[in-house]
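Peer 1: So that you have it, the file is upload.txt, and it contains compact mmCIF, C-alpha atoms and all ligand atoms:
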# COMPACT_ATOMS: atom_id res chain seq x y z
CA MET A 1 101.15 63.12 124.40
CA LYS A 2 98.19 60.80 124.90
CA GLY A 3 97.78 57.36 123.43
CA VAL A 4 94.56 55.95 122.01
CA ASN A 5 93.42 52.37 121.81
CA VAL A 6 94.06 50.64 118.50
CA ARG A 7 91.56 48.15 117.15
CA LEU A 8 92.06 45.74 114.25
CA ASN A 9 88.75 44.27 113.05
CA GLY A 10 88.78 41.25 110.75
CA LEU A 11 91.93 42.49 109.05
CA SER A 12 93.18 40.48 106.06
CA LYS A 13 95.94 41.03 103.54
CA ARG A 14 96.59 39.09 100.37
CA PHE A 15 99.40 39.67 97.90
CA GLY A 16 98.08 37.86 94.81
CA LYS A 17 97.78 34.27 95.99
CA VAL A 18 99.84 34.77 99.14
CA VAL A 19 97.68 35.21 102.24
CA ALA A 20 99.86 37.31 104.56
CA LEU A 21 97.16 37.85 107.20
CA LYS A 22 93.87 36.03 107.84
CA ARG A 23 90.88 37.85 109.41
CA PHE A 24 92.85 39.25 112.27
CA ASP A 25 91.26 40.78 115.41
CA LEU A 26 93.23 42.59 118.08
CA GLU A 27 92.71 45.44 120.53
CA VAL A 28 95.61 47.38 122.03
CA GLN A 29 94.77 49.49 125.10
CA ALA A 30 95.67 53.19 125.21
CA GLY A 31 99.22 53.65 126.48
CA GLU A 32 100.14 49.98 126.19
CA LEU A 33 103.29 48.66 124.53
CA ILE A 34 102.59 45.40 122.76
CA ALA A 35 104.91 43.22 120.68
CA PHE A 36 104.20 41.26 117.50
CA LEU A 37 106.31 38.13 117.82
CA GLY A 38 106.67 35.27 115.36
CA PRO A 39 108.93 33.53 112.89
CA SER A 40 109.97 35.09 109.60
CA GLY A 41 107.15 35.53 107.09
CA CYS A 42 104.26 35.18 109.57
CA GLY A 43 102.75 38.60 108.77
CA LYS A 44 104.10 40.89 111.51
CA THR A 45 105.52 43.59 109.26
CA THR A 46 102.55 43.45 106.90
CA THR A 47 100.21 44.14 109.84
CA LEU A 48 102.36 47.02 111.07
CA LEU A 49 102.49 48.57 107.59
CA MET A 50 98.69 48.40 107.37
CA ILE A 51 98.43 50.24 110.68
CA ALA A 52 100.92 52.83 109.39
CA GLY A 53 98.95 53.23 106.15
CA ILE A 54 101.72 52.04 103.85
CA TYR A 55 99.67 48.95 102.88
CA ARG A 56 95.92 48.89 102.27
CA PRO A 57 94.10 45.99 103.97
CA THR A 58 92.35 43.54 101.61
CA GLU A 59 89.53 43.31 104.16
CA GLY A 60 88.76 44.67 107.59
CA GLU A 61 88.98 47.91 109.53
CA ILE A 62 91.50 49.77 111.68
CA TYR A 63 90.40 52.17 114.42
CA PHE A 64 92.42 54.59 116.53
CA GLY A 65 90.00 55.32 119.36
CA ASP A 66 86.67 56.04 117.63
CA ARG A 67 88.36 57.19 114.45
CA ARG A 68 88.43 54.78 111.51
CA VAL A 69 91.82 55.23 109.83
CA ASP A 70 92.24 52.46 107.24
CA HIS A 71 91.28 54.73 104.36
CA LEU A 72 93.46 57.62 105.50
CA HIS A 73 96.81 58.63 104.05
CA PRO A 74 99.73 57.76 106.41
CA ARG A 75 100.28 61.47 107.01
CA ASP A 76 96.75 61.89 108.36
CA ARG A 77 96.85 58.95 110.78
CA ASP A 78 98.98 60.45 113.52
CA VAL A 79 101.54 57.63 113.73
CA GLY A 80 105.28 57.75 114.32
CA MET A 81 107.35 54.95 112.88
CA VAL A 82 110.89 53.67 113.45
CA PHE A 83 112.34 51.28 110.88
CA GLN A 84 115.09 48.73 111.33
CA SER A 85 117.27 50.73 108.93
CA TYR A 86 116.36 54.01 110.74
CA ALA A 87 115.83 55.55 107.26
CA LEU A 88 117.58 58.80 108.24
CA TYR A 89 118.47 61.22 105.43
CA PRO A 90 122.27 60.95 105.13
CA HIS A 91 122.80 64.50 103.82
CA LEU A 92 120.79 66.17 106.60
CA THR A 93 121.98 66.87 110.14
CA LEU A 94 120.27 65.05 112.99
CA PHE A 95 118.50 68.31 113.77
CA GLU A 96 117.02 68.49 110.26
CA ASN A 97 116.19 64.79 110.27
CA ILE A 98 114.21 65.15 113.49
CA ALA A 99 112.65 68.41 112.28
CA PHE A 100 111.51 66.84 109.01
CA PRO A 101 107.97 65.76 110.03
CA LEU A 102 107.36 69.20 111.60
CA ARG A 103 108.52 71.01 108.45
CA LEU A 104 106.08 68.87 106.43
CA LYS A 105 103.33 70.07 108.72
CA ARG A 106 104.54 73.67 108.30
CA VAL A 107 105.10 74.15 111.99
CA PRO A 108 106.55 77.65 112.71
CA ALA A 109 110.38 77.72 112.93
CA SER A 110 110.57 78.75 116.59
CA GLU A 111 108.35 75.85 117.57
CA VAL A 112 110.37 73.43 115.42
CA GLU A 113 113.51 74.59 117.23
CA ARG A 114 111.92 74.10 120.64
CA LYS A 115 110.36 70.70 119.91
CA VAL A 116 113.43 69.22 118.23
CA ARG A 117 115.71 70.31 121.09
CA GLN A 118 113.26 69.08 123.72
CA THR A 119 112.84 65.64 122.12
CA ALA A 120 116.58 65.32 121.49
CA GLU A 121 117.33 66.16 125.13
CA LEU A 122 114.86 63.53 126.25
CA LEU A 123 116.82 60.99 124.20
CA GLY A 124 120.29 62.22 125.18
CA ILE A 125 121.37 63.40 121.72
CA GLY A 126 121.07 67.16 122.28
CA HIS A 127 124.84 67.59 121.86
CA VAL A 128 125.14 65.93 118.42
CA LEU A 129 122.26 67.62 116.58
CA GLU A 130 124.55 69.45 114.15
CA ARG A 131 126.18 66.22 112.93
CA ARG A 132 125.05 64.06 110.04
CA PRO A 133 124.03 60.39 110.61
CA ALA A 134 127.41 59.02 109.42
CA GLN A 135 129.15 61.16 112.06
CA VAL A 136 127.38 59.62 115.08
CA SER A 137 127.25 56.11 116.60
CA GLY A 138 124.67 53.46 115.74
CA GLY A 139 122.97 54.00 119.10
CA GLN A 140 122.72 57.74 118.43
CA GLN A 141 121.29 57.12 114.95
CA GLN A 142 118.71 54.84 116.52
CA ARG A 143 117.75 57.56 119.01
CA ALA A 144 117.54 60.14 116.25
CA ALA A 145 115.12 57.85 114.39
CA LEU A 146 113.09 57.50 117.57
CA ALA A 147 113.18 61.28 118.14
CA ARG A 148 111.92 61.83 114.60
CA ALA A 149 109.02 59.44 115.24
CA LEU A 150 108.13 61.12 118.55
CA VAL A 151 108.63 64.81 117.72
CA LYS A 152 105.14 65.31 116.29
CA GLU A 153 103.63 63.64 119.38
CA PRO A 154 101.89 60.80 117.57
CA GLN A 155 98.97 58.89 119.06
CA VAL A 156 100.53 55.62 117.98
CA LEU A 157 104.20 54.62 117.81
CA LEU A 158 105.18 51.77 115.46
CA LEU A 159 108.56 50.12 115.89
CA ASP A 160 109.77 47.65 113.24
CA GLU A 161 112.76 45.72 114.64
CA PRO A 162 114.20 49.03 115.89
CA LEU A 163 117.07 47.47 117.83
CA SER A 164 118.36 44.79 115.51
CA ASN A 165 121.20 46.92 114.10
CA LEU A 166 122.66 47.64 117.54
CA ASP A 167 125.31 45.50 119.18
CA ALA A 168 124.28 43.37 122.15
CA GLN A 169 125.19 45.69 125.00
CA ILE A 170 123.73 48.87 123.52
CA ARG A 171 120.64 46.92 122.57
CA LEU A 172 119.95 46.04 126.22
CA GLN A 173 120.31 49.67 127.19
CA ALA A 174 118.13 50.84 124.30
CA ARG A 175 115.40 48.37 125.32
CA SER A 176 114.99 49.87 128.75
CA GLU A 177 115.33 53.41 127.41
CA ILE A 178 112.56 52.98 124.87
CA ARG A 179 110.38 51.34 127.48
CA ARG A 180 110.94 54.15 130.00
CA LEU A 181 110.24 56.83 127.42
CA GLN A 182 107.16 55.05 126.11
CA GLN A 183 105.72 54.81 129.63
CA GLU A 184 106.55 58.42 130.40
CA LEU A 185 104.86 59.65 127.23
CA GLY A 186 101.98 57.18 127.43
CA VAL A 187 102.05 56.62 123.68
CA THR A 188 100.35 53.42 122.48
CA SER A 189 103.13 51.41 120.89
CA ILE A 190 103.51 48.33 118.73
CA LEU A 191 106.88 46.65 118.44
CA VAL A 192 107.63 44.08 115.73
CA THR A 193 110.36 41.65 116.68
CA HIS A 194 111.45 38.08 116.17
CA ASP A 195 113.58 38.29 119.32
CA GLN A 196 111.53 36.81 122.15
CA ALA A 197 113.84 38.16 124.85
CA GLU A 198 113.15 41.66 123.54
CA ALA A 199 109.39 41.08 123.48
CA LEU A 200 109.37 39.53 126.96
CA ALA A 201 111.47 42.35 128.40
CA MET A 202 109.62 45.28 126.85
CA ALA A 203 105.99 44.45 126.20
CA ASP A 204 102.89 44.64 128.39
CA ARG A 205 101.36 42.01 126.14
CA ILE A 206 102.66 39.92 123.28
CA ALA A 207 100.77 38.81 120.17
CA VAL A 208 102.27 35.58 118.87
CA PHE A 209 101.77 35.10 115.12
CA SER A 210 102.10 32.01 112.99
CA MET A 211 101.37 31.90 109.26
CA GLY A 212 99.19 35.00 109.22
CA GLU A 213 97.12 33.99 112.25
CA LEU A 214 97.09 35.13 115.85
CA GLN A 215 97.97 32.24 118.15
CA GLN A 216 97.85 33.98 121.54
CA PHE A 217 97.73 37.54 122.85
CA ALA A 218 98.73 37.71 126.51
CA PRO A 219 101.17 39.19 129.05
CA PRO A 220 104.67 37.64 128.96
CA ASP A 221 104.16 35.56 132.13
CA GLU A 222 100.97 34.02 130.86
CA LEU A 223 102.49 33.09 127.50
CA TYR A 224 105.24 31.34 129.38
CA ARG A 225 103.05 29.63 131.98
CA ARG A 226 99.97 28.83 129.93
CA PRO A 227 100.77 28.57 126.23
CA VAL A 228 97.47 27.87 124.43
CA ASN A 229 98.95 25.45 121.91
CA THR A 230 102.11 23.57 120.97
CA PHE A 231 103.22 26.33 118.59
CA VAL A 232 103.34 28.94 121.37
CA ALA A 233 104.79 26.33 123.77
CA ARG A 234 107.72 25.72 121.40
CA PHE A 235 108.15 29.32 120.33
CA VAL A 236 108.16 31.11 123.70
CA GLY A 237 110.79 30.17 126.28
CA HIS A 238 114.48 29.50 125.88
CA PRO A 239 115.71 26.79 125.73
CA PRO A 240 112.43 25.57 124.18
CA MET A 241 109.93 23.39 126.01
CA ASN A 242 110.34 19.61 125.73
CA LEU A 243 107.32 18.26 123.87
CA LEU A 244 106.71 14.54 123.51
CA GLU A 245 104.01 13.14 121.27
CA GLY A 246 102.39 10.00 122.65
CA ARG A 247 99.32 8.69 124.44
CA PHE A 248 97.72 9.44 127.81
CA GLU A 249 96.16 6.60 129.80
CA ASP A 250 95.11 6.38 133.48
CA GLY A 251 97.72 8.69 134.94
CA TRP A 252 100.46 7.70 132.51
CA PHE A 253 102.02 9.23 129.45
CA LEU A 254 103.13 6.44 127.07
CA LYS A 255 105.41 6.55 124.07
CA GLU A 256 106.72 3.17 122.92
CA GLU A 257 108.48 1.74 126.01
CA LEU A 258 108.62 5.14 127.74
CA ARG A 259 106.22 5.49 130.70
CA ILE A 260 105.99 8.77 132.60
CA PRO A 261 103.58 9.14 135.54
CA VAL A 262 101.52 12.32 135.12
CA PRO A 263 99.35 14.30 137.54
CA PRO A 264 95.57 14.62 136.96
CA GLY A 265 94.28 16.97 134.28
CA HIS A 266 95.70 15.23 131.24
CA PRO A 267 93.66 14.34 128.16
CA THR A 268 92.95 10.70 127.33
CA GLY A 269 94.21 9.17 124.14
CA PRO A 270 96.78 10.76 121.84
CA GLY A 271 98.35 14.08 122.77
CA TYR A 272 101.47 15.93 123.81
CA LEU A 273 103.27 16.21 127.11
CA GLY A 274 105.27 19.42 127.64
CA ILE A 275 107.89 20.12 130.29
CA ARG A 276 110.28 23.06 130.25
CA PRO A 277 114.01 22.26 130.65
CA GLU A 278 114.05 24.35 133.83
CA ASP A 279 111.35 22.10 135.37
CA VAL A 280 113.18 18.82 134.70
CA ARG A 281 115.04 17.30 137.70
CA LEU A 282 117.81 14.73 137.65
CA GLU A 283 116.05 12.70 140.32
CA GLY A 284 112.88 10.74 139.77
CA ASP A 285 111.51 7.59 138.15
CA VAL A 286 112.28 7.85 134.46
CA PRO A 287 115.56 6.25 133.30
CA ALA A 288 117.65 8.32 130.89
CA ARG A 289 121.17 8.56 129.54
CA VAL A 290 123.17 11.80 129.25
CA ARG A 291 124.06 12.56 125.62
CA VAL A 292 125.38 16.12 125.61
CA VAL A 293 126.31 18.61 128.32
CA GLU A 294 126.44 22.30 127.33
CA PRO A 295 127.73 24.64 130.04
CA LEU A 296 125.81 27.93 130.00
CA GLY A 297 127.76 29.80 132.66
CA ARG A 298 126.05 29.05 135.97
CA GLU A 299 123.79 26.27 134.76
CA ALA A 300 124.25 23.56 132.14
CA LEU A 301 121.88 22.35 129.46
CA VAL A 302 121.86 18.56 129.43
CA THR A 303 120.46 16.57 126.50
CA LEU A 304 119.03 13.24 127.68
CA GLU A 305 118.08 10.13 125.78
CA LEU A 306 114.92 8.47 127.05
CA PRO A 307 113.38 5.09 126.23
CA GLY A 308 111.10 5.20 123.19
CA ASN A 309 113.55 7.27 121.12
CA ALA A 310 112.63 10.40 123.01
CA ALA A 311 115.07 13.23 123.64
CA PHE A 312 114.69 15.64 126.52
CA LYS A 313 116.59 18.68 127.69
CA ALA A 314 117.19 19.60 131.30
CA LEU A 315 118.64 22.80 132.73
CA VAL A 316 120.68 21.69 135.72
CA PRO A 317 122.00 23.90 138.52
CA PRO A 318 125.70 24.16 139.39
CA GLY A 319 127.07 21.25 141.43
CA THR A 320 124.79 18.60 139.89
CA ARG A 321 126.28 18.45 136.41
CA PRO A 322 126.45 14.79 135.24
CA GLY A 323 129.06 13.41 132.81
CA VAL A 324 128.32 12.42 129.22
CA GLY A 325 127.16 8.79 129.10
CA ALA A 326 125.96 8.80 132.73
CA GLU A 327 122.75 6.91 133.58
CA VAL A 328 120.35 9.15 135.46
CA ARG A 329 116.73 9.03 136.55
CA LEU A 330 114.68 12.06 135.88
CA GLY A 331 111.63 13.66 137.33
CA TYR A 332 109.93 17.01 137.00
CA ASP A 333 108.07 19.64 138.87
CA ARG A 334 104.46 18.40 138.80
CA ARG A 335 103.03 21.90 139.10
CA HIS A 336 104.57 22.83 135.77
CA VAL A 337 103.51 20.13 133.34
CA HIS A 338 101.69 21.09 130.15
CA PHE A 339 99.16 18.89 128.36
CA PHE A 340 98.01 19.29 124.77
CA ASP A 341 95.48 17.24 122.80
CA ALA A 342 96.21 15.54 119.48
CA ALA A 343 95.48 18.80 117.62
CA GLY A 344 98.05 20.62 119.78
CA ARG A 345 95.51 22.59 121.89
CA ARG A 346 96.14 23.10 125.58
CA VAL A 347 94.13 20.86 127.93
CA GLY A 348 93.57 21.63 131.61
CA PRO A 349 94.59 24.63 133.67
P1 LIG B 1 110.01 38.98 108.83
O1 LIG B 1 110.24 38.73 110.29
O2 LIG B 1 110.86 38.11 107.95
O3 LIG B 1 110.04 40.41 108.44
P2 LIG B 1 107.11 39.04 108.87
O4 LIG B 1 106.48 38.24 109.91
O5 LIG B 1 107.24 40.49 109.10
O6 LIG B 1 108.52 38.42 108.52
P3 LIG B 1 105.73 39.73 106.46
O7 LIG B 1 106.85 40.54 105.91
O8 LIG B 1 104.58 40.45 107.01
O9 LIG B 1 106.29 38.73 107.55
O10 LIG B 1 105.25 38.73 105.31
C1 LIG B 1 104.10 37.88 105.42
C2 LIG B 1 103.90 37.14 104.09
O11 LIG B 1 103.53 38.05 103.07
C3 LIG B 1 105.14 36.42 103.58
O12 LIG B 1 104.75 35.24 102.97
C4 LIG B 1 105.71 37.40 102.58
O13 LIG B 1 106.47 36.72 101.61
C5 LIG B 1 104.45 38.02 102.00
N1 LIG B 1 104.67 39.42 101.55
C6 LIG B 1 105.02 40.47 102.33
N2 LIG B 1 105.10 41.62 101.62
C7 LIG B 1 104.82 41.27 100.34
C8 LIG B 1 104.73 42.01 99.11
N3 LIG B 1 104.94 43.33 99.06
N4 LIG B 1 104.41 41.33 98.00
C9 LIG B 1 104.16 40.01 98.03
N5 LIG B 1 104.22 39.26 99.15
C10 LIG B 1 104.55 39.87 100.29
Output the file's structure as structure tokens, nothing else.

Peer 2:
Amino acid sequence: MKGVNVRLNGLSKRFGKVVALKRFDLEVQAGELIAFLGPSGCGKTTTLLMIAGIYRPTEGEIYFGDRRVDHLHPRDRDVGMVFQSYALYPHLTLFENIAFPLRLKRVPASEVERKVRQTAELLGIGHVLERRPAQVSGGQQQRAALARALVKEPQVLLLDEPLSNLDAQIRLQARSEIRRLQQELGVTSILVTHDQAEALAMADRIAVFSMGELQQFAPPDELYRRPVNTFVARFVGHPPMNLLEGRFEDGWFLKEELRIPVPPGHPTGPGYLGIRPEDVRLEGDVPARVRVVEPLGREALVTLELPGNAAFKALVPPGTRPGVGAEVRLGYDRRHVHFFDAAGRRVGP
């Protein structure tokens, strides 16, 4: 199996007056696994369904390698797709479910037998092929759906929230299994998810969507370290980044009576200061009062009240957990401050 690069050129989709996607450009490298991440209704599924051929774009083009595919029937595109619901046929055995796309292509029976068994073995469901979906576990149904998508050796694999029906533990296992298999096969893959942990753990690069527009397309580390705007800054990272709206002046961030010294590189005038809870320290210059302490196992998430009606969260290590109502002074790691201008765009490195 060999992946191709996938190119979306000025892709738009409107449903009547609803603009689901606005002139979208994106290029996925051959063999890469990328994730579409964003809140509900931002256009992730619509984009995936256009790549699959289930929706027609209103404008724009889709290429797989040099081949333009947006006018082709789904069957002729060479994609495998896994849906959240798995969409297995309940009256067919797993064997027949996995064989289905090969039967449609009139592949000879002996080859169907060989390919179904081989793909099922790869996914660890070789021993349950004679059962129907209702007679196997959720994890096995999920693998059968994946086997059905992979059996015809597609150039592109599309995954629409494929893990959301699994319970937490199996989901973690399924994440690394899909990733391993995807890398082994080298199939170009696009995963739709609203679970950032899943996207961060599985994807080479993540495309963050908001309201039908691409906000940032970057590897997980870069999204986390250098979010290009306040939307990405809030959306990626858990617990979310602290963002204060105020004014920058001569090395200070000011918001009512709150004054925070800031390192060089900040904008001047109105803007946003961003600091992740993991970069806040309970030692420094800024007075604060502890409002809430939430133990998270090893660490605790502390909600702080600052002057100027500002709230801030800090992730504090074991042994330094303050009591509710305590007066503390906070500081932060200066290497990890984020600055945004009044329009929410990143400023500085
Ligand atoms: P979710 O995570 O909830 O699945 P999403 O990011 O996948 O959300 P889409 O399903 O792509 O979002 O929807 C994008 C926008 O297009 C939404 O405003 C949605 O209501 C609208 N939309 C999607 N499909 C249709 C349709 N068939 N007819 C009309 N509007 C639609």

Peer 1: Neighbours of ligand LIG 1 (chain B) at 10 Å or closer, counting all atoms listed in the file: which residues, as a PyMOL selection string?

Peer 2: chain A and resi 13-21+36-50+55+160-161+192-195+209-212

Peer 1: Need the shell around Leu306 (chain A): protein/DNA/RNA residues with any atom at most 12 Å away, counting only C-alpha atoms. Skip same-chain ones fewer than 5 positions apart. Format as number ranges by chain?

Peer 2: A: 244, 254-260, 285-291, 311-313, 327-331

Peer 1: Could you state the separation of CA of Arg175 (chain A) and CA of Glu113 (chain A) in Å, given to one decimal place?

Peer 2: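 Here the two named atoms are 27.5 Å from each other.
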
Peer 1: At a cut-off of 8 Å, using only C-alpha atoms, what residues contact region 262-277 of chain A? Leave out same-chain residues fewer than 5 positions from it and give the result as an mmCIF file with C-alpha atoms, in the coordinates of the input.

Peer 2:
data_model
loop_
_atom_site.group_PDB
_atom_site.id
_atom_site.type_symbol
_atom_site.label_atom_id
_atom_site.label_comp_id
_atom_site.auth_asym_id
_atom_site.auth_seq_id
_atom_site.Cartn_x
_atom_site.Cartn_y
_atom_site.Cartn_z
ATOM 1 C CA ALA A 233 104.790 26.330 123.770
ATOM 2 C CA PRO A 239 115.710 26.790 125.730
ATOM 3 C CA PRO A 240 112.430 25.570 124.180
ATOM 4 C CA MET A 241 109.930 23.390 126.010
ATOM 5 C CA ASN A 242 110.340 19.610 125.730
ATOM 6 C CA LEU A 243 107.320 18.260 123.870
ATOM 7 C CA LEU A 244 106.710 14.540 123.510
ATOM 8 C CA GLU A 245 104.010 13.140 121.270
ATOM 9 C CA GLY A 246 102.390 10.000 122.650
ATOM 10 C CA ARG A 247 99.320 8.690 124.440
ATOM 11 C CA PHE A 248 97.720 9.440 127.810
ATOM 12 C CA GLU A 249 96.160 6.600 129.800
ATOM 13 C CA ASP A 250 95.110 6.380 133.480
ATOM 14 C CA GLY A 251 97.720 8.690 134.940
ATOM 15 C CA TRP A 252 100.460 7.700 132.510
ATOM 16 C CA PHE A 253 102.020 9.230 129.450
ATOM 17 C CA LEU A 301 121.880 22.350 129.460
ATOM 18 C CA PHE A 312 114.690 15.640 126.520
ATOM 19 C CA LYS A 313 116.590 18.680 127.690
ATOM 20 C CA ALA A 314 117.190 19.600 131.300
ATOM 21 C CA LEU A 315 118.640 22.800 132.730
ATOM 22 C CA TYR A 332 109.930 17.010 137.000
ATOM 23 C CA ARG A 334 104.460 18.400 138.800
ATOM 24 C CA HIS A 336 104.570 22.830 135.770
ATOM 25 C CA VAL A 337 103.510 20.130 133.340
ATOM 26 C CA HIS A 338 101.690 21.090 130.150
ATOM 27 C CA PHE A 339 99.160 18.890 128.360
ATOM 28 C CA PHE A 340 98.010 19.290 124.770
ATOM 29 C CA ASP A 341 95.480 17.240 122.800
ATOM 30 C CA ALA A 342 96.210 15.540 119.480
ATOM 31 C CA ALA A 343 95.480 18.800 117.620
ATOM 32 C CA GLY A 344 98.050 20.620 119.780
ATOM 33 C CA VAL A 347 94.130 20.860 127.930
ATOM 34 C CA GLY A 348 93.570 21.630 131.610
ATOM 35 C CA PRO A 349 94.590 24.630 133.670
#

Peer 1: At what distance in Å, to one decimal, does CA of Arg68 (chain A) lie from CA of Ala207 (chain A)?

Peer 2: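 We find that CA of Ala207 (chain A) and CA of Arg68 (chain A) lie 22.0 Å from each other.
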
Peer 1: Tell me which of A:Val136, A:Ala144, A:Leu181, A:Leu123 sits closest to Ala87 (chain A), counting only C-alpha atoms.

Peer 2: A:Ala144

Peer 1: Compare A:Gln118, A:Gln169, A:Gln155, A:Ser164 by their minimum atom-to-atom distance to Gly3 (chain A), counting only C-alpha atoms, and give me the closest one.

Peer 2: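 Using only C-alpha atoms, the shortest distance to Gly3 (chain A) belongs to A:Gln155.
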
Peer 1: Let me have the centre and edge lengths of the axis-aligned box enclosing all listed atoms of region 109-128 of chain A with 6 Å padding on every side, in Å to one decimal, as AutoDock Vina command-line options.

Peer 2:
--center_x 116.7 --center_y 69.9 --center_z 119.6 --size_x 28.8 --size_y 29.8 --size_z 25.3

Peer 1: Can you tell me how far CA of Arg171 (chain A) sits from CA of Pro317 (chain A), in Å to one decimal?

Peer 2: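 About the pair CA of Arg171 (chain A) and CA of Pro317 (chain A): they are 28.0 Å apart.
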
Peer 1: Pull the neighbourhood of (95.0, 54.6, 106.5) for me: all residues within 12 Å in file coordinates, counting only C-alpha atoms, as a VMD selection string.

Peer 2: chain A and resid 48 to 57 60 to 64 67 to 79

Peer 1: Would you put the residues from that selection into a file with C-alpha atoms, as a JSON list (two decimals), keeping the file's coordinate frame?

Peer 2:
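The file below, part.json, is the result:
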[["chain", "number", "residue", "atom", "x", "y", "z"],
["A", 48, "LEU", "CA", 102.36, 47.02, 111.07],
["A", 49, "LEU", "CA", 102.49, 48.57, 107.59],
["A", 50, "MET", "CA", 98.69, 48.40, 107.37],
["A", 51, "ILE", "CA", 98.43, 50.24, 110.68],
["A", 52, "ALA", "CA", 100.92, 52.83, 109.39],
["A", 53, "GLY", "CA", 98.95, 53.23, 106.15],
["A", 54, "ILE", "CA", 101.72, 52.04, 103.85],
["A", 55, "TYR", "CA", 99.67, 48.95, 102.88],
["A", 56, "ARG", "CA", 95.92, 48.89, 102.27],
["A", 57, "PRO", "CA", 94.10, 45.99, 103.97],
["A", 60, "GLY", "CA", 88.76, 44.67, 107.59],
["A", 61, "GLU", "CA", 88.98, 47.91, 109.53],
["A", 62, "ILE", "CA", 91.50, 49.77, 111.68],
["A", 63, "TYR", "CA", 90.40, 52.17, 114.42],
["A", 64, "PHE", "CA", 92.42, 54.59, 116.53],
["A", 67, "ARG", "CA", 88.36, 57.19, 114.45],
["A", 68, "ARG", "CA", 88.43, 54.78, 111.51],
["A", 69, "VAL", "CA", 91.82, 55.23, 109.83],
["A", 70, "ASP", "CA", 92.24, 52.46, 107.24],
["A", 71, "HIS", "CA", 91.28, 54.73, 104.36],
["A", 72, "LEU", "CA", 93.46, 57.62, 105.50],
["A", 73, "HIS", "CA", 96.81, 58.63, 104.05],
["A", 74, "PRO", "CA", 99.73, 57.76, 106.41],
["A", 75, "ARG", "CA", 100.28, 61.47, 107.01],
["A", 76, "ASP", "CA", 96.75, 61.89, 108.36],
["A", 77, "ARG", "CA", 96.85, 58.95, 110.78],
["A", 78, "ASP", "CA", 98.98, 60.45, 113.52],
["A", 79, "VAL", "CA", 101.54, 57.63, 113.73]]

Peer 1: Near Leu104 (chain A), counting only C-alpha atoms, which residues have an atom at most 12 Å away, once you skip same-chain residues fewer than 5 positions from it, shown as a VMD selection string?

Peer 2: chain A and resid 75 to 76 96 to 99 109 112 152

Peer 1: Counting all atoms listed in the file, write as a ChimeraX atom specification all protein and nucleic acid residues lying at most 12 Å from (120.3, 65.1, 114.7) in the file's frame.

Peer 2: /A:88-100,113,116-117,119-121,123-137,140-148

Peer 1: Let me make sure I understand: among A:Gln29, A:Glu177, A:Arg103, A:Leu163, which one has the smallest atom-to-atom distance to Tyr86 (chain A) if we use all atoms listed in the file?

Peer 2: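 For Tyr86 (chain A), the nearest of the given residues is A:Leu163.
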
Peer 1: Point out the residue among A:Arg321, A:His238, A:Arg179, A:Lys105 with the least atom-to-atom distance to Ala197 (chain A), counting all atoms listed in the file.

Peer 2: A:His238
